[in-house]
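Okay, work_13.cif is below, mmCIF, C-alpha atoms:
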data_query
#
loop_
_atom_site.group_PDB
_atom_site.id
_atom_site.type_symbol
_atom_site.label_atom_id
_atom_site.label_comp_id
_atom_site.auth_asym_id
_atom_site.auth_seq_id
_atom_site.Cartn_x
_atom_site.Cartn_y
_atom_site.Cartn_z
ATOM 1 C CA MET X 1 0.000 0.000 0.000
ATOM 2 C CA GLY X 2 2.924 2.303 0.796
ATOM 3 C CA ASP X 3 4.398 1.795 -2.699
ATOM 4 C CA LEU X 4 1.012 2.401 -4.347
ATOM 5 C CA MET X 5 0.420 5.878 -2.904
ATOM 6 C CA PRO X 6 3.493 7.554 -4.457
ATOM 7 C CA LYS X 7 2.595 5.985 -7.836
ATOM 8 C CA LEU X 8 -0.937 7.333 -7.600
ATOM 9 C CA LYS X 9 0.421 10.779 -6.728
ATOM 10 C CA VAL X 10 2.768 10.715 -9.743
ATOM 11 C CA VAL X 11 -0.143 9.761 -12.013
ATOM 12 C CA GLN X 12 -2.250 12.583 -10.565
ATOM 13 C CA ILE X 13 0.555 15.093 -11.115
ATOM 14 C CA LEU X 14 1.074 13.846 -14.697
ATOM 15 C CA VAL X 15 -2.644 14.141 -15.476
ATOM 16 C CA ARG X 16 -2.663 17.664 -14.029
ATOM 17 C CA LYS X 17 0.396 18.734 -16.011
ATOM 18 C CA LEU X 18 -0.968 17.265 -19.254
ATOM 19 C CA THR X 19 -4.283 19.039 -18.696
ATOM 20 C CA VAL X 20 -2.502 22.324 -17.984
ATOM 21 C CA ALA X 21 -0.421 21.865 -21.148
ATOM 22 C CA TYR X 22 -3.612 21.237 -23.147
ATOM 23 C CA PHE X 23 -5.289 24.480 -22.031
ATOM 24 C CA THR X 24 -2.030 26.466 -22.242
ATOM 25 C CA SER X 25 -1.445 25.315 -25.817
ATOM 26 C CA TRP X 26 -4.987 26.183 -26.869
ATOM 27 C CA THR X 27 -4.775 29.644 -25.272
ATOM 28 C CA ILE X 28 -1.513 30.408 -27.081
ATOM 29 C CA VAL X 29 -2.808 29.124 -30.425
ATOM 30 C CA LEU X 30 -6.147 30.942 -30.190
ATOM 31 C CA PHE X 31 -4.868 34.370 -29.241
ATOM 32 C CA VAL X 32 -1.281 34.579 -30.522
ATOM 33 C CA SER X 33 -2.550 33.642 -34.007
ATOM 34 C CA LEU X 34 -4.641 36.819 -34.053
ATOM 35 C CA PHE X 35 -1.441 38.917 -33.974
ATOM 36 C CA PHE X 36 -0.169 37.158 -37.116
ATOM 37 C CA THR X 37 -3.432 37.592 -39.027
ATOM 38 C CA ASN X 38 -4.272 40.669 -41.090
ATOM 39 C CA LEU X 39 -7.842 41.391 -40.027
ATOM 40 C CA GLY X 40 -10.207 43.968 -41.496
ATOM 41 C CA GLY X 41 -9.836 46.004 -44.671
ATOM 42 C CA ALA X 42 -10.130 44.167 -47.974
ATOM 43 C CA ASN X 43 -8.713 40.901 -46.666
ATOM 44 C CA TRP X 44 -11.424 38.512 -47.864
ATOM 45 C CA ASN X 45 -9.361 35.437 -46.893
ATOM 46 C CA ALA X 46 -8.785 36.501 -43.272
ATOM 47 C CA ALA X 47 -10.397 33.318 -41.893
ATOM 48 C CA GLY X 48 -8.069 31.134 -43.968
ATOM 49 C CA ASN X 49 -5.090 33.226 -42.907
ATOM 50 C CA TYR X 50 -6.086 32.858 -39.254
ATOM 51 C CA MET X 51 -6.308 29.068 -39.570
ATOM 52 C CA SER X 52 -2.894 28.998 -41.285
ATOM 53 C CA SER X 53 -1.428 31.149 -38.507
ATOM 54 C CA ALA X 54 -3.023 28.903 -35.876
ATOM 55 C CA PHE X 55 -1.467 25.826 -37.490
ATOM 56 C CA LEU X 56 1.961 27.508 -37.636
ATOM 57 C CA VAL X 57 1.772 28.672 -34.007
ATOM 58 C CA ALA X 58 0.615 25.201 -32.896
ATOM 59 C CA LEU X 59 3.525 23.635 -34.764
ATOM 60 C CA TYR X 60 5.927 25.367 -32.367
ATOM 61 C CA ALA X 61 3.806 25.948 -29.260
ATOM 62 C CA VAL X 62 2.316 22.486 -28.698
ATOM 63 C CA PRO X 63 5.595 20.497 -28.627
ATOM 64 C CA ALA X 64 7.280 23.236 -26.573
ATOM 65 C CA VAL X 65 4.513 23.339 -23.956
ATOM 66 C CA PHE X 66 3.979 19.579 -23.727
ATOM 67 C CA LEU X 67 7.671 18.679 -23.624
ATOM 68 C CA TYR X 68 9.660 21.640 -22.302
ATOM 69 C CA GLY X 69 6.855 23.200 -20.232
ATOM 70 C CA ILE X 70 5.804 20.005 -18.474
ATOM 71 C CA LEU X 71 9.427 18.997 -17.843
ATOM 72 C CA VAL X 72 10.416 22.366 -16.321
ATOM 73 C CA SER X 73 7.247 22.686 -14.231
ATOM 74 C CA SER X 74 7.541 19.120 -12.928
ATOM 75 C CA LEU X 75 11.216 19.492 -12.021
ATOM 76 C CA ILE X 76 10.595 22.751 -10.145
ATOM 77 C CA GLU X 77 7.664 21.209 -8.272
ATOM 78 C CA ALA X 78 9.736 18.121 -7.398
ATOM 79 C CA ILE X 79 12.601 20.282 -6.107
ATOM 80 C CA PHE X 80 10.227 22.344 -3.962
ATOM 81 C CA VAL X 81 8.683 19.190 -2.485
ATOM 82 C CA THR X 82 12.119 17.684 -1.825
ATOM 83 C CA LEU X 83 13.424 20.853 -0.165
ATOM 84 C CA LYS X 84 10.081 21.346 1.598
ATOM 85 C CA ILE X 85 9.773 24.928 0.380
ATOM 86 C CA LYS X 86 6.384 26.244 1.436
ATOM 87 C CA GLY X 87 4.742 29.448 2.550
ATOM 88 C CA SER X 88 3.698 32.665 0.847
ATOM 89 C CA ALA X 89 7.014 33.017 -1.011
ATOM 90 C CA GLU X 90 6.698 29.627 -2.726
ATOM 91 C CA PRO X 91 4.319 30.700 -5.533
ATOM 92 C CA MET X 92 6.407 33.775 -6.379
ATOM 93 C CA ILE X 93 9.680 31.827 -6.471
ATOM 94 C CA SER X 94 8.126 29.007 -8.507
ATOM 95 C CA CYS X 95 6.571 31.398 -11.010
ATOM 96 C CA THR X 96 9.822 33.353 -11.354
ATOM 97 C CA LEU X 97 11.833 30.197 -12.051
ATOM 98 C CA GLN X 98 9.328 29.026 -14.684
ATOM 99 C CA VAL X 99 9.406 32.438 -16.382
ATOM 100 C CA VAL X 100 13.222 32.382 -16.417
ATOM 101 C CA PHE X 101 13.195 28.958 -18.090
ATOM 102 C CA GLY X 102 10.540 30.213 -20.511
ATOM 103 C CA LEU X 103 12.758 33.149 -21.477
ATOM 104 C CA CYS X 104 15.728 30.781 -21.841
ATOM 105 C CA PHE X 105 13.777 28.790 -24.420
ATOM 106 C CA GLY X 106 13.868 31.823 -26.736
ATOM 107 C CA ILE X 107 17.502 32.573 -25.904
ATOM 108 C CA VAL X 108 18.522 29.052 -26.960
ATOM 109 C CA LEU X 109 16.676 29.575 -30.266
ATOM 110 C CA GLU X 110 18.197 33.088 -30.560
ATOM 111 C CA SER X 111 14.764 34.661 -30.951
ATOM 112 C CA THR X 112 13.405 37.607 -28.965
ATOM 113 C CA LEU X 113 9.882 36.696 -30.070
ATOM 114 C CA PHE X 114 10.239 33.147 -28.721
ATOM 115 C CA SER X 115 11.633 34.549 -25.465
ATOM 116 C CA ILE X 116 8.587 36.783 -25.016
ATOM 117 C CA MET X 117 6.222 33.952 -25.944
ATOM 118 C CA GLY X 118 8.123 31.537 -23.705
ATOM 119 C CA GLY X 119 7.908 33.888 -20.728
ATOM 120 C CA GLY X 120 4.207 34.534 -21.316
ATOM 121 C CA ALA X 121 3.510 30.829 -21.754
ATOM 122 C CA ALA X 122 5.341 30.124 -18.474
ATOM 123 C CA VAL X 123 3.130 32.581 -16.567
ATOM 124 C CA LEU X 124 0.029 31.072 -18.172
ATOM 125 C CA PHE X 125 1.192 27.509 -17.436
ATOM 126 C CA PHE X 126 1.929 28.391 -13.797
ATOM 127 C CA SER X 127 -1.437 30.147 -13.321
ATOM 128 C CA LEU X 128 -3.435 27.293 -14.847
ATOM 129 C CA ASP X 129 -1.441 24.763 -12.818
ATOM 130 C CA ARG X 130 -2.562 26.512 -9.632
ATOM 131 C CA ILE X 131 -6.272 26.408 -10.474
ATOM 132 C CA MET X 132 -6.258 23.029 -12.251
ATOM 133 C CA PRO X 133 -7.050 20.940 -9.115
ATOM 134 C CA THR X 134 -10.314 22.907 -8.826
ATOM 135 C CA ILE X 135 -11.178 22.226 -12.473
ATOM 136 C CA LEU X 136 -10.337 18.522 -12.199
ATOM 137 C CA ALA X 137 -12.567 18.309 -9.110
ATOM 138 C CA LEU X 138 -15.615 19.442 -11.095
ATOM 139 C CA LYS X 139 -18.329 17.047 -12.229
ATOM 140 C CA MET X 140 -17.572 14.925 -15.299
ATOM 141 C CA LYS X 141 -20.048 16.840 -17.510
ATOM 142 C CA THR X 142 -18.493 20.175 -16.569
ATOM 143 C CA ARG X 143 -15.000 18.849 -17.209
ATOM 144 C CA VAL X 144 -15.991 17.566 -20.647
ATOM 145 C CA ILE X 145 -17.467 20.966 -21.509
ATOM 146 C CA SER X 146 -14.253 22.637 -20.301
ATOM 147 C CA PHE X 147 -12.159 20.451 -22.582
ATOM 148 C CA ILE X 148 -14.418 21.063 -25.595
ATOM 149 C CA ALA X 149 -14.613 24.833 -24.965
ATOM 150 C CA PRO X 150 -11.289 25.737 -26.686
ATOM 151 C CA ILE X 151 -12.334 23.861 -29.842
ATOM 152 C CA LEU X 152 -15.720 25.623 -29.876
ATOM 153 C CA LEU X 153 -13.984 28.960 -29.302
ATOM 154 C CA PHE X 154 -11.664 28.276 -32.249
ATOM 155 C CA VAL X 155 -14.676 27.540 -34.476
ATOM 156 C CA LEU X 156 -16.393 30.693 -33.175
ATOM 157 C CA ILE X 157 -13.360 32.880 -33.927
ATOM 158 C CA VAL X 158 -12.977 31.458 -37.436
ATOM 159 C CA GLY X 159 -16.710 31.845 -38.073
ATOM 160 C CA THR X 160 -16.735 35.439 -36.817
ATOM 161 C CA ILE X 161 -13.730 36.394 -38.960
ATOM 162 C CA TYR X 162 -15.292 34.718 -41.994
ATOM 163 C CA ALA X 163 -18.676 36.412 -41.440
ATOM 164 C CA THR X 164 -17.167 39.885 -41.045
ATOM 165 C CA ALA X 165 -14.662 39.615 -43.913
ATOM 166 C CA PRO X 166 -15.473 41.325 -47.241
ATOM 167 C CA PRO X 167 -16.700 39.145 -50.130
ATOM 168 C CA LYS X 168 -14.152 37.424 -52.319
ATOM 169 C CA PRO X 169 -13.357 39.731 -55.271
ATOM 170 C CA PRO X 170 -13.401 38.436 -58.863
ATOM 171 C CA TYR X 171 -10.090 37.285 -60.304
ATOM 172 C CA THR X 172 -9.434 39.487 -63.312
ATOM 173 C CA ALA X 173 -7.127 39.369 -66.322
ATOM 174 C CA LYS X 174 -5.085 42.157 -64.713
ATOM 175 C CA ASP X 175 -4.646 40.002 -61.578
ATOM 176 C CA ALA X 176 -3.510 37.080 -63.739
ATOM 177 C CA VAL X 177 -0.886 39.238 -65.485
ATOM 178 C CA GLN X 178 0.402 40.609 -62.176
ATOM 179 C CA PHE X 179 0.679 37.091 -60.744
ATOM 180 C CA ALA X 180 2.455 35.737 -63.836
ATOM 181 C CA THR X 181 4.914 38.637 -64.103
ATOM 182 C CA SER X 182 5.778 38.347 -60.429
ATOM 183 C CA THR X 183 7.484 35.091 -61.481
ATOM 184 C CA ILE X 184 8.472 35.875 -65.094
ATOM 185 C CA ASP X 185 9.640 39.375 -64.276
ATOM 186 C CA ARG X 186 11.488 40.331 -67.470
ATOM 187 C CA PHE X 187 8.255 40.926 -69.379
ATOM 188 C CA PRO X 188 5.902 43.940 -68.986
ATOM 189 C CA SER X 189 3.924 43.839 -65.735
ATOM 190 C CA LYS X 190 0.775 44.837 -67.652
ATOM 191 C CA GLU X 191 -0.586 43.953 -71.070
ATOM 192 C CA GLY X 192 1.422 45.601 -73.815
ATOM 193 C CA VAL X 193 4.845 45.880 -75.488
ATOM 194 C CA ILE X 194 8.109 47.426 -74.349
ATOM 195 C CA LYS X 195 11.141 48.064 -76.576
ATOM 196 C CA LEU X 196 14.679 47.651 -75.290
ATOM 197 C CA GLN X 197 18.306 47.603 -76.384
ATOM 198 C CA ILE X 198 20.141 44.568 -74.986
ATOM 199 C CA GLU X 199 23.765 43.861 -76.016
ATOM 200 C CA GLY X 200 23.221 45.494 -79.391
ATOM 201 C CA TYR X 201 19.906 43.707 -80.067
ATOM 202 C CA ASP X 202 16.658 45.556 -80.735
ATOM 203 C CA VAL X 203 14.276 43.754 -78.434
ATOM 204 C CA GLU X 204 10.498 43.758 -78.091
ATOM 205 C CA GLN X 205 8.966 42.079 -75.061
ATOM 206 C CA GLU X 206 5.193 41.619 -75.088
ATOM 207 C CA THR X 207 2.651 40.465 -72.516
ATOM 208 C CA GLU X 208 -0.774 39.322 -73.685
ATOM 209 C CA VAL X 209 -3.686 37.841 -71.768
ATOM 210 C CA GLU X 210 -6.714 35.917 -73.010
ATOM 211 C CA GLU X 211 -9.743 34.487 -71.266
ATOM 212 C CA THR X 212 -10.299 30.727 -71.313
ATOM 213 C CA ALA X 213 -13.458 28.646 -71.160
ATOM 214 C CA GLU X 214 -12.861 28.089 -67.453
ATOM 215 C CA LYS X 215 -14.090 30.836 -65.118
ATOM 216 C CA GLU X 216 -11.368 33.106 -63.691
ATOM 217 C CA THR X 217 -8.679 31.228 -65.603
ATOM 218 C CA TYR X 218 -6.557 33.054 -68.178
ATOM 219 C CA LYS X 219 -3.914 32.350 -70.780
ATOM 220 C CA VAL X 220 -0.950 34.669 -70.377
ATOM 221 C CA VAL X 221 1.373 34.771 -73.393
ATOM 222 C CA PHE X 222 4.915 36.128 -73.178
ATOM 223 C CA THR X 223 6.561 36.935 -76.515
ATOM 224 C CA GLU X 224 10.098 38.196 -77.101
ATOM 225 C CA ARG X 225 11.337 39.364 -80.530
ATOM 226 C CA TRP X 226 14.871 40.419 -81.269
ATOM 227 C CA ARG X 227 16.910 41.674 -84.214
ATOM 228 C CA LYS X 228 20.579 42.512 -84.750
ATOM 229 C CA ARG X 229 21.535 43.262 -88.335
ATOM 230 C CA GLU X 230 20.671 40.045 -90.232
ATOM 231 C CA GLU X 231 20.063 38.028 -87.097
ATOM 232 C CA SER X 232 16.496 37.866 -85.739
ATOM 233 C CA GLY X 233 14.261 35.552 -83.791
ATOM 234 C CA ILE X 234 11.164 35.122 -81.690
ATOM 235 C CA TYR X 235 10.525 33.261 -78.458
ATOM 236 C CA GLN X 236 7.141 32.617 -76.911
ATOM 237 C CA ILE X 237 5.930 30.857 -73.795
ATOM 238 C CA ILE X 238 2.330 30.387 -72.631
ATOM 239 C CA TYR X 239 1.021 30.039 -69.078
ATOM 240 C CA GLU X 240 -2.393 29.157 -67.728
ATOM 241 C CA VAL X 241 -3.073 31.304 -64.699
ATOM 242 C CA SER X 242 -5.822 31.173 -62.088
ATOM 243 C CA ARG X 243 -6.011 32.418 -58.492
ATOM 244 C CA GLY X 244 -2.795 31.322 -56.758
ATOM 245 C CA ARG X 245 -1.796 28.897 -59.539
ATOM 246 C CA MET X 246 0.280 29.123 -62.705
ATOM 247 C CA SER X 247 1.299 26.299 -65.037
ATOM 248 C CA ALA X 248 3.179 26.239 -68.338
ATOM 249 C CA ARG X 249 1.135 25.400 -71.429
ATOM 250 C CA GLY X 250 3.793 25.193 -74.085
ATOM 251 C CA GLY X 251 5.949 27.566 -76.074
ATOM 252 C CA SER X 252 7.942 27.970 -79.253
ATOM 253 C CA GLY X 253 11.213 29.354 -80.546
ATOM 254 C CA GLU X 254 14.652 29.493 -78.978
ATOM 255 C CA HIS X 255 15.826 31.500 -76.018
ATOM 256 C CA PRO X 256 17.291 34.860 -77.051
ATOM 257 C CA PRO X 257 21.073 34.701 -77.650
ATOM 258 C CA TYR X 258 21.760 37.517 -75.180
ATOM 259 C CA LEU X 259 20.180 35.401 -72.408
ATOM 260 C CA GLN X 260 22.129 32.286 -73.370
ATOM 261 C CA THR X 261 25.464 34.065 -72.919
ATOM 262 C CA ARG X 262 24.640 35.219 -69.351
#
Full structure transcribed into C-alpha cells:
Amino acid sequence: MGDLMPKLKVVQILVRKLTVAYFTSWTIVLFVSLFFTNLGGANWNAAGNYMSSAFLVALYAVPAVFLYGILVSSLIEAIFVTLKIKGSAEPMISCTLQVVFGLCFGIVLESTLFSIMGGGAAVLFFSLDRIMPTILALKMKTRVISFIAPILLFVLIVGTIYATAPPKPPYTAKDAVQFATSTIDRFPSKEGVIKLQIEGYDVEQETEVEETAEKETYKVVFTERWRKREESGIYQIIYEVSRGRMSARGGSGEHPPYLQTR
C-alpha cells in the first residue's frame, strides 16, 4: 500500500500537467494567431489566414509546452517538495523560475519573439497549474465541456472572422498578369509591349492575356522578338493562370542569344 500511494500521486501530477499543457497550448494558439493575421480592410481570406497562422503557431507551441513546459514545471515542483519549500514566497519563487526557463527557451533559439512567448507561456502555465485541481474536481459533464470549450472557441473565432470579412473579389485578367509577371519578371507587368536595347539587339517584349473557357482562368502569353543586323528571332511561352496557380502550357522558338550568354 505504501508503494502504491506515491505511484498514484505521480499519475495525478502527470494528469494535471498534461491538462494544464492542453489548455495552455490552446490559449496560445487561439490568441497569438490573431497577432499574425491581417484582419479587417479588404482581406477577404482573413479566416483562412487565421487558420494557417493557428497551425503555424501550434507547430511550435504544442511540442514546446507539452515537452519543455511540463518537464520544467515538474522538475521545479519536485525540487520544492524535496526541499520542503512552502509558505507565501513559494508561488512567487516558482513562477519566477518558470518564467526564467521560458525566457531561456527563446535565448537558446536566438529569438526575442520566442523569449517573449516563452515567458508569457510560463506565466500562463503556472497560473493554470494553480487552479487546475479545482477544475479537475468538477463534475464529469463540466470537465468535458471545459475540454471542448477551446475547440468551440476556435470555431467561433474562425466563423466570426469569416462572417465579417469582405466578399471574395473576382479574379481578373489584370490580376492574372500581375501574378504571372511576379514570377516571369522580365516581361511587362501589364498587357502591352516594351522596346529595349540589350547587347546590341533591338528587343520587343510583349505580354498578352486571353480568357479561357474556365471561369477566372486566363492564358498569359509572353513573346520576345529580337533583331541585330541580319540576325532575328522570336521566343514565346504560354502560361495558364488562375487564383494562386500558374502552369506552363507550351511555347515555341529558342531563347534569345543575349540570355544564353549570361
Name the residues in contact with range 248-260 of chain X at a cut-off of 7 Å, using all atoms listed in the file, excluding same-chain residues fewer than 5 positions from it; report them as a list in words.
->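 Listing them by chain and then by number gives Glu199, Ile234, Tyr235, Gln236, Ile237, Ile238, Tyr239 and Glu240 of chain X.
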Would you translate the PyMOL selection byres ((chain X and resi 191) around 9) into the concrete set of residues it matches in this file, as a list in words?
->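 Checking the PyMOL selection byres ((chain X and resi 191) around 9) against this file, the residues are Lys174, Val177, Pro188, Ser189, Lys190, Gly192, Val193, Glu206, Thr207, Glu208 and Val209 of chain X.
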Within 6 Å of range 16-28 of chain X, counting all atoms listed in the file, which residues qualify if same-chain residues fewer than 2 places away don't, as a ChimeraX atom specification?
-> /X:13-14,30-32,62,65-66,125,128-129
Do you know which residues the PyMOL selection byres ((chain X and resi 95) around 12) returns on this file, as a CSV table (one decimal) with C-alpha atoms, in the frame of the given file?
chain,number,residue,atom,x,y,z
X,72,VAL,CA,10.4,22.4,-16.3
X,73,SER,CA,7.2,22.7,-14.2
X,76,ILE,CA,10.6,22.8,-10.1
X,77,GLU,CA,7.7,21.2,-8.3
X,89,ALA,CA,7.0,33.0,-1.0
X,90,GLU,CA,6.7,29.6,-2.7
X,91,PRO,CA,4.3,30.7,-5.5
X,92,MET,CA,6.4,33.8,-6.4
X,93,ILE,CA,9.7,31.8,-6.5
X,94,SER,CA,8.1,29.0,-8.5
X,96,THR,CA,9.8,33.4,-11.4
X,97,LEU,CA,11.8,30.2,-12.1
X,98,GLN,CA,9.3,29.0,-14.7
X,99,VAL,CA,9.4,32.4,-16.4
X,100,VAL,CA,13.2,32.4,-16.4
X,101,PHE,CA,13.2,29.0,-18.1
X,102,GLY,CA,10.5,30.2,-20.5
X,119,GLY,CA,7.9,33.9,-20.7
X,120,GLY,CA,4.2,34.5,-21.3
X,121,ALA,CA,3.5,30.8,-21.8
X,122,ALA,CA,5.3,30.1,-18.5
X,123,VAL,CA,3.1,32.6,-16.6
X,124,LEU,CA,0.0,31.1,-18.2
X,125,PHE,CA,1.2,27.5,-17.4
X,126,PHE,CA,1.9,28.4,-13.8
X,127,SER,CA,-1.4,30.1,-13.3
X,128,LEU,CA,-3.4,27.3,-14.8
X,129,ASP,CA,-1.4,24.8,-12.8
X,130,ARG,CA,-2.6,26.5,-9.6
Hits of the PyMOL selection byres ((chain X and resi 157) around 10) in this structure, as a PDB file with C-alpha atoms, in the coordinates of the input:
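In the end it all went to part_9.pdb:
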ATOM      1  CA  LEU X  30      -6.147  30.942 -30.190  1.00  0.00           C
ATOM      2  CA  PHE X  31      -4.868  34.370 -29.241  1.00  0.00           C
ATOM      3  CA  LEU X  34      -4.641  36.819 -34.053  1.00  0.00           C
ATOM      4  CA  ALA X  47     -10.397  33.318 -41.893  1.00  0.00           C
ATOM      5  CA  TYR X  50      -6.086  32.858 -39.254  1.00  0.00           C
ATOM      6  CA  MET X  51      -6.308  29.068 -39.570  1.00  0.00           C
ATOM      7  CA  ILE X 151     -12.334  23.861 -29.842  1.00  0.00           C
ATOM      8  CA  LEU X 152     -15.720  25.623 -29.876  1.00  0.00           C
ATOM      9  CA  LEU X 153     -13.984  28.960 -29.302  1.00  0.00           C
ATOM     10  CA  PHE X 154     -11.664  28.276 -32.249  1.00  0.00           C
ATOM     11  CA  VAL X 155     -14.676  27.540 -34.476  1.00  0.00           C
ATOM     12  CA  LEU X 156     -16.393  30.693 -33.175  1.00  0.00           C
ATOM     13  CA  VAL X 158     -12.977  31.458 -37.436  1.00  0.00           C
ATOM     14  CA  GLY X 159     -16.710  31.845 -38.073  1.00  0.00           C
ATOM     15  CA  THR X 160     -16.735  35.439 -36.817  1.00  0.00           C
ATOM     16  CA  ILE X 161     -13.730  36.394 -38.960  1.00  0.00           C
ATOM     17  CA  TYR X 162     -15.292  34.718 -41.994  1.00  0.00           C
ATOM     18  CA  ALA X 163     -18.676  36.412 -41.440  1.00  0.00           C
TER      19      ALA X 163
END
One-decimal distance in Å that lies between CA of Lys168 in chain X and CA of Lys215 in chain X =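 Separating CA of Lys215 in chain X from CA of Lys168 in chain X is a distance of 14.4 Å.
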Quick one, how far is CA of Phe179 in chain X from CA of Lys219 in chain X?
-> 12.0 Å
